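**Q** Contents of protein13.cif (mmCIF, C-alpha atoms):
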data_protein
#
loop_
_atom_site.label_atom_id
_atom_site.label_comp_id
_atom_site.auth_asym_id
_atom_site.auth_seq_id
_atom_site.Cartn_x
_atom_site.Cartn_y
_atom_site.Cartn_z
CA MET N 3 151.45 108.59 112.69
CA SER N 4 153.69 110.12 115.36
CA ASP N 5 154.78 108.23 118.45
CA ALA N 6 152.64 110.53 120.61
CA ALA N 7 149.49 109.54 118.73
CA GLN N 8 150.16 105.82 118.84
CA PRO N 9 147.99 103.61 121.07
CA THR N 10 149.71 102.02 124.01
CA ALA N 11 150.53 98.32 124.18
CA ALA N 12 147.90 98.02 126.92
CA GLU N 13 145.24 99.55 124.64
CA VAL N 14 146.09 97.08 121.88
CA ARG N 15 145.90 94.20 124.38
CA ALA N 16 142.53 95.43 125.65
CA ALA N 17 141.21 95.60 122.09
CA ALA N 18 142.38 92.03 121.50
CA GLU N 19 140.54 90.89 124.62
CA ALA N 20 137.41 92.67 123.37
CA VAL N 21 137.63 90.68 120.14
CA LYS N 22 137.85 87.43 122.13
CA THR N 23 134.79 88.39 124.16
CA ALA N 24 132.83 89.39 121.06
CA LEU N 25 133.82 86.13 119.40
CA ASP N 26 132.47 84.14 122.36
CA HIS N 27 129.22 86.12 122.30
CA HIS N 28 128.83 85.56 118.56
CA LEU N 29 129.33 81.80 118.90
CA ALA N 30 126.85 81.66 121.77
CA ALA N 31 124.27 83.57 119.71
CA VAL N 32 124.80 81.22 116.75
CA GLU N 33 124.36 78.17 118.99
CA ARG N 34 121.06 79.58 120.30
CA ARG N 35 119.78 80.92 116.99
CA THR N 36 116.06 80.48 116.31
CA GLY N 37 116.13 81.01 112.53
CA ASP N 38 118.02 82.47 109.60
CA ASP N 39 116.96 86.01 110.53
CA ASP N 40 117.76 85.79 114.27
CA VAL N 41 118.32 89.37 115.50
CA ALA N 42 120.69 88.24 118.26
CA VAL N 43 123.02 86.63 115.72
CA TYR N 44 122.90 89.73 113.54
CA ASP N 45 123.71 92.01 116.50
CA ALA N 46 126.51 89.72 117.70
CA PHE N 47 127.98 89.67 114.20
CA ASN N 48 128.02 93.47 114.04
CA ALA N 49 129.60 93.70 117.49
CA LEU N 50 132.30 91.22 116.49
CA ALA N 51 132.97 93.11 113.25
CA ALA N 52 133.29 96.41 115.13
CA ALA N 53 135.62 94.91 117.74
CA ALA N 54 137.80 93.25 115.12
CA GLU N 55 138.03 96.43 113.04
CA PHE N 56 139.03 98.50 116.09
CA TYR N 57 141.69 95.95 117.06
CA ASP N 58 143.00 95.89 113.50
CA GLU N 59 143.38 99.68 113.50
CA LEU N 60 145.19 99.77 116.85
CA LEU N 61 147.43 96.86 115.90
CA TYR N 62 148.50 98.65 112.74
CA ASP N 63 149.01 101.99 114.46
CA ARG N 64 151.11 100.49 117.22
CA TYR N 65 153.02 97.72 115.47
CA ASP N 66 152.54 98.34 111.74
CA GLU N 67 150.93 94.89 111.55
CA VAL N 68 147.56 93.66 110.23
CA THR N 69 145.17 90.81 110.93
CA PRO N 70 144.10 88.24 108.28
CA PHE N 71 140.51 89.47 108.45
CA GLU N 72 138.71 92.05 106.31
CA ILE N 73 135.58 93.55 107.83
CA PRO N 74 132.95 94.30 105.16
CA GLY N 75 131.35 97.72 105.20
CA ALA N 76 127.62 98.30 105.11
CA GLU N 77 127.76 98.63 101.33
CA ASP N 78 129.34 95.16 101.05
CA SER N 79 126.60 93.19 102.79
CA LEU N 80 122.86 92.75 102.60
CA PRO N 81 120.54 94.17 105.27
CA PRO N 82 118.65 91.78 107.58
CA TYR N 83 116.04 89.63 105.84
CA THR N 84 112.51 90.90 106.49
CA GLY N 85 110.53 88.74 104.06
CA PRO N 86 108.07 85.91 104.80
CA GLU N 87 109.43 83.01 106.86
CA GLU N 88 107.87 80.53 104.44
CA PRO N 89 107.60 82.30 101.06
CA ASN N 90 104.89 81.17 98.67
CA ALA N 91 106.70 82.59 95.63
CA LEU N 92 110.16 83.68 94.60
CA SER N 93 111.94 85.76 91.99
CA VAL N 94 115.40 85.01 90.57
CA LEU N 95 117.28 88.16 89.55
CA ILE N 96 120.42 87.65 87.47
CA ARG N 97 122.96 90.11 86.15
CA ARG N 98 125.97 89.01 84.06
CA ASP N 99 128.42 91.45 82.50
CA TYR N 100 130.40 90.70 79.35
CA ALA N 101 133.00 92.57 77.31
CA VAL N 102 132.84 92.15 73.53
CA VAL N 103 136.53 91.30 73.01
CA GLU N 104 136.32 89.65 69.56
CA PRO N 105 133.63 91.35 67.46
CA PRO N 106 134.49 89.36 64.29
CA ARG N 107 133.91 86.08 66.16
CA LEU N 108 130.61 87.36 67.55
CA LEU N 109 129.46 88.50 64.10
CA ALA N 110 130.47 85.22 62.44
CA GLN N 111 128.72 83.08 65.06
CA ALA N 112 125.57 85.15 64.85
CA GLN N 113 125.50 84.90 61.04
CA ARG N 114 126.03 81.14 61.28
CA ILE N 115 123.02 80.88 63.60
CA ALA N 116 120.93 82.99 61.22
CA ASP N 117 121.97 80.85 58.24
CA LEU N 118 121.11 77.60 60.06
CA ASP N 119 117.75 79.01 61.04
CA GLN N 120 117.09 79.92 57.41
CA ASP N 121 117.98 76.38 56.27
CA GLU N 122 115.55 74.88 58.79
CA ARG N 123 112.63 77.24 58.29
CA GLY N 124 113.10 78.44 54.74
CA GLY N 125 112.83 82.02 53.58
CA SER N 126 115.60 84.58 53.68
CA ALA N 127 118.23 84.55 56.41
CA ALA N 128 118.82 87.53 58.67
CA VAL N 129 121.91 89.46 57.62
CA VAL N 130 124.03 90.38 60.63
CA GLY N 131 126.64 92.22 58.60
CA SER N 132 128.88 94.39 60.79
CA SER N 133 126.25 95.19 63.43
CA VAL N 134 127.23 93.98 66.91
CA HIS N 135 123.76 95.09 68.03
CA ALA N 136 122.12 92.72 65.55
CA ALA N 137 124.55 89.92 66.41
CA LEU N 138 123.70 90.13 70.10
CA GLY N 139 120.00 90.00 69.29
CA VAL N 140 120.51 86.83 67.25
CA LEU N 141 122.74 85.23 69.90
CA PHE N 142 120.49 85.89 72.88
CA GLY N 143 117.42 85.01 70.84
CA GLU N 144 118.85 81.58 70.07
CA TYR N 145 120.47 80.51 73.36
CA GLU N 146 119.47 80.55 77.00
CA PRO N 147 121.59 82.88 79.15
CA ASP N 148 123.12 79.92 81.02
CA GLU N 149 124.36 78.41 77.76
CA ILE N 150 125.85 81.70 76.67
CA ALA N 151 127.60 81.93 80.05
CA SER N 152 129.14 78.49 79.59
CA ARG N 153 130.16 79.14 75.96
CA HIS N 154 130.95 82.86 76.07
CA THR N 155 134.46 82.50 74.61
CA GLU N 156 132.96 80.90 71.47
CA PHE N 157 131.01 84.07 70.91
CA GLY N 158 133.91 86.48 71.39
CA LEU N 159 132.79 87.53 74.87
CA GLU N 160 134.75 87.90 78.09
CA GLU N 161 133.08 87.48 81.47
CA GLY N 162 132.85 90.34 83.93
CA ASP N 163 131.12 90.34 87.30
CA SER N 164 127.87 88.47 87.85
CA THR N 165 125.33 88.18 90.62
CA LEU N 166 122.24 86.08 91.29
CA TRP N 167 119.62 87.02 93.87
CA VAL N 168 116.82 84.74 95.02
CA THR N 169 114.13 86.93 96.58
CA ALA N 170 111.05 85.84 98.47
CA ALA N 171 107.44 86.96 98.03
CA GLU N 172 104.06 86.18 99.55
CA ASP N 173 102.47 85.61 96.14
CA LEU N 174 103.30 85.83 92.45
CA PRO N 175 102.69 89.26 90.91
CA GLU N 176 99.90 89.67 88.40
CA ALA N 177 100.82 88.66 84.86
CA GLY N 178 102.65 91.50 83.10
CA GLU N 179 102.71 93.64 86.25
CA TRP N 180 106.46 94.33 86.34
CA LEU N 181 107.47 93.82 82.69
CA GLY N 182 107.89 97.55 82.06
CA ALA N 183 110.60 97.89 84.74
CA PRO N 184 111.57 94.37 85.83
CA PHE N 185 114.33 95.31 88.30
CA ASP N 186 112.95 98.43 89.96
CA ASP N 187 111.34 96.56 92.84
CA ALA N 188 114.36 94.45 93.84
CA ASP N 189 114.36 94.69 97.65
CA PRO N 190 117.63 93.57 99.31
CA GLN N 191 115.69 92.79 102.50
CA LEU N 192 113.78 90.05 100.66
CA VAL N 193 116.91 88.24 99.44
CA VAL N 194 116.87 84.62 100.63
CA CYS N 195 120.30 83.85 99.17
CA ARG N 196 122.78 85.58 96.90
CA PHE N 197 125.69 84.35 94.77
CA ASP N 198 128.33 86.76 93.45
CA VAL N 199 131.17 86.10 91.01
CA SER N 200 133.87 88.74 90.58
CA ALA N 201 137.57 89.02 89.86
CA VAL N 202 137.94 90.80 93.21
CA PHE N 203 137.35 87.45 94.92
CA ASP N 204 140.23 85.73 93.09
CA GLU N 205 143.12 84.55 95.24
CA ASP N 206 146.11 86.87 95.32
CA GLU N 207 149.31 85.83 93.57
CA PRO N 208 151.90 84.19 95.87
CA ASP N 209 154.22 87.22 95.72
CA GLU N 210 151.45 89.62 96.68
CA GLU N 211 150.07 90.49 100.11
CA PRO N 212 148.44 87.44 101.78
CA ALA N 213 144.74 87.07 100.98
CA ARG N 214 142.43 88.68 103.52
CA LEU N 215 139.46 86.61 104.67
CA ALA N 216 136.08 88.30 104.35
CA ALA N 217 133.65 87.97 107.25
CA ASP N 218 130.20 86.62 106.44
CA SER N 219 127.04 87.27 108.42
CA SER N 220 125.19 84.25 107.03
#
Spit out the file's structure as structure tokens when you get a sec.
**A**
Amino acid sequence: MSDAAQPTAAEVRAAAEAVKTALDHHLAAVERRTGDDDVAVYDAFNALAAAAEFYDELLYDRYDEVTPFEIPGAEDSLPPYTGPEEPNALSVLIRRDYAVVEPPRLLAQAQRIADLDQDERGGSAAVVGSSVHAALGVLFGEYEPDEIASRHTEFGLEEGDSTLWVTAAEDLPEAGEWLGAPFDDADPQLVVCRFDVSAVFDEDEPDEEPARLAADSS
């Protein structure tokens, strides 16, 4: 950016003062909040995020310096909760990603499970052979997903990102109602709480740029 296009020192100072004012308003809204979905808190959060982002831009343009805060974009956060205040039912939506990094280990473990099952029940054991598809069917048919998550390295798997959403509902759906497309009706505005695990949240190495703190509207 050329010197002519740079903000003035006074403009940077004014943006800093705007952040201070927005911070005070946000704290006041939090102190007066009436519930988890208080609109005033949500609006104050957005105003603070906008003020901080504007200050960060001016600070960088003028002084080639940054703040320790990262302002999440709309795609990084959930919309305001619009579900029932006291839900009578809930759904737990889980996604866990894995890479198959050691196929021979996966195949051997699956065959071992099939052989043990044959010993206990009699009859012929399932033959996994060289089919990763068959091995995964045996593995996930034998263990709960939480156990697989805790023992994934034993099965030749490597963890990727994961997320868990707890969504609210007025009542339980009818039996079998959503089995054909279980995740099509996931509404982000009904999420009561959410837990994400990803490598992007890992702390930076000491010789890298200092970690940037992510703002949170909750």
**Q** Identify which of the residues N:Tyr65, N:Tyr145, N:Phe47, N:Phe157 lies closest to Leu108 (chain N), counting only C-alpha atoms when measuring atom-to-atom distances.
**A**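 Closest to Leu108 (chain N), using only C-alpha atoms: N:Phe157.
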**Q** One number please: CA of Gly182 (chain N) to CA of Ser93 (chain N), in Å, one decimal.
**A**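 For CA of Gly182 (chain N) relative to CA of Ser93 (chain N), the distance reads 15.9 Å.
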**Q** Dig up all the protein and nucleic acid residues within 10 Å of (103.8, 85.6, 91.2) in the file frame, using only C-alpha atoms, and format them as an mmCIF file with C-alpha atoms, in the coordinates of the input.
**A**
data_model
loop_
_atom_site.group_PDB
_atom_site.id
_atom_site.type_symbol
_atom_site.label_atom_id
_atom_site.label_comp_id
_atom_site.auth_asym_id
_atom_site.auth_seq_id
_atom_site.Cartn_x
_atom_site.Cartn_y
_atom_site.Cartn_z
ATOM 1 C CA ASN N 90 104.890 81.170 98.670
ATOM 2 C CA ALA N 91 106.700 82.590 95.630
ATOM 3 C CA LEU N 92 110.160 83.680 94.600
ATOM 4 C CA SER N 93 111.940 85.760 91.990
ATOM 5 C CA ALA N 171 107.440 86.960 98.030
ATOM 6 C CA GLU N 172 104.060 86.180 99.550
ATOM 7 C CA ASP N 173 102.470 85.610 96.140
ATOM 8 C CA LEU N 174 103.300 85.830 92.450
ATOM 9 C CA PRO N 175 102.690 89.260 90.910
ATOM 10 C CA GLU N 176 99.900 89.670 88.400
ATOM 11 C CA ALA N 177 100.820 88.660 84.860
ATOM 12 C CA GLU N 179 102.710 93.640 86.250
#
**Q** If I take CA of Thr10 (chain N) and CA of Arg64 (chain N), how far is one from the other in Å, to one decimal?
**A**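 Answer for the CA of Thr10 (chain N) to CA of Arg64 (chain N) separation: 7.1 Å.
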**Q** Tell me, in Å to one decimal, how far CA of Leu159 (chain N) is from CA of Ala101 (chain N).
**A** 5.6 Å
**Q** Just want the 9 Å neighbourhood of region 127-143 of chain N, counted on only C-alpha atoms, with same-chain residues fewer than 2 positions away dropped. Output as a PyMOL selection string.
**A** chain N and resi 102+105-106+108-113+115-121+124-125+145-147+150+157
**Q** Find the spatial neighbours of Asn48 (chain N), counting only C-alpha atoms, within a cut-off of 10 Å - ignore same-chain residues fewer than 3 positions away - and output them as a ChimeraX atom specification.
**A** /N:24,28,42-45,51-54,73,219
**Q** Could you expand the PyMOL selection byres ((chain N and resi 17) around 8) into the explicit residues it covers here, written as a PyMOL selection string?
**A** chain N and resi 13-16+18-21+53+56-57+60
**Q** I need the residues from that last selection saved to file as a PDB file, keeping the file's coordinate frame (with C-alpha atoms), if you can.
**A**
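File selection.pdb, as written:
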ATOM      1  CA  GLU N  13     145.240  99.550 124.640  1.00  0.00           C
ATOM      2  CA  VAL N  14     146.090  97.080 121.880  1.00  0.00           C
ATOM      3  CA  ARG N  15     145.900  94.200 124.380  1.00  0.00           C
ATOM      4  CA  ALA N  16     142.530  95.430 125.650  1.00  0.00           C
ATOM      5  CA  ALA N  18     142.380  92.030 121.500  1.00  0.00           C
ATOM      6  CA  GLU N  19     140.540  90.890 124.620  1.00  0.00           C
ATOM      7  CA  ALA N  20     137.410  92.670 123.370  1.00  0.00           C
ATOM      8  CA  VAL N  21     137.630  90.680 120.140  1.00  0.00           C
ATOM      9  CA  ALA N  53     135.620  94.910 117.740  1.00  0.00           C
ATOM     10  CA  PHE N  56     139.030  98.500 116.090  1.00  0.00           C
ATOM     11  CA  TYR N  57     141.690  95.950 117.060  1.00  0.00           C
ATOM     12  CA  LEU N  60     145.190  99.770 116.850  1.00  0.00           C
TER      13      LEU N  60
END
**Q** Restricting the calculation to all atoms listed in the file, which member of N:Pro82, N:Asp99, N:Glu67, N:Asp163 is positioned closest to Val202 (chain N)?
**A** N:Asp163
**Q** Would you kindly translate the PyMOL selection byres ((chain N and resi 160) around 8) into the concrete residues it picks from this file, as a PyMOL selection string?
**A** chain N and resi 100-103+154-155+158-159+161-162
**Q** Could you pull out every residue with an atom within 9 Å of (127.5, 81.3, 94.1), file coordinates, counting all atoms listed in the file, and send them as JSON, numbers by chain?
**A** {"N": [165, 166, 196, 197, 198, 199]}
**Q** Which residue is closest to Thr23 (chain N)? Choose from N:Ala11, N:Val193, N:Val41, N:Ala46 and count all atoms listed in the file.
**A**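 Closest residue, counting all atoms listed in the file: N:Ala46.
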**Q** Nearest to Asp187 (chain N): which of N:Ser152, N:Ser164, N:Thr69, N:Thr169 is it, counting only C-alpha atoms?
**A**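 Under the stated criterion, the closest residue is N:Thr169.
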**Q** For each of N:Leu61, N:Val194, N:Ala201, N:Ala12, take the minimum atom-to-atom distance to Thr84 (chain N), counting only C-alpha atoms, then give the residue where this is smallest.
**A**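 Ranked by minimum distance to Thr84 (chain N), first place goes to N:Val194.
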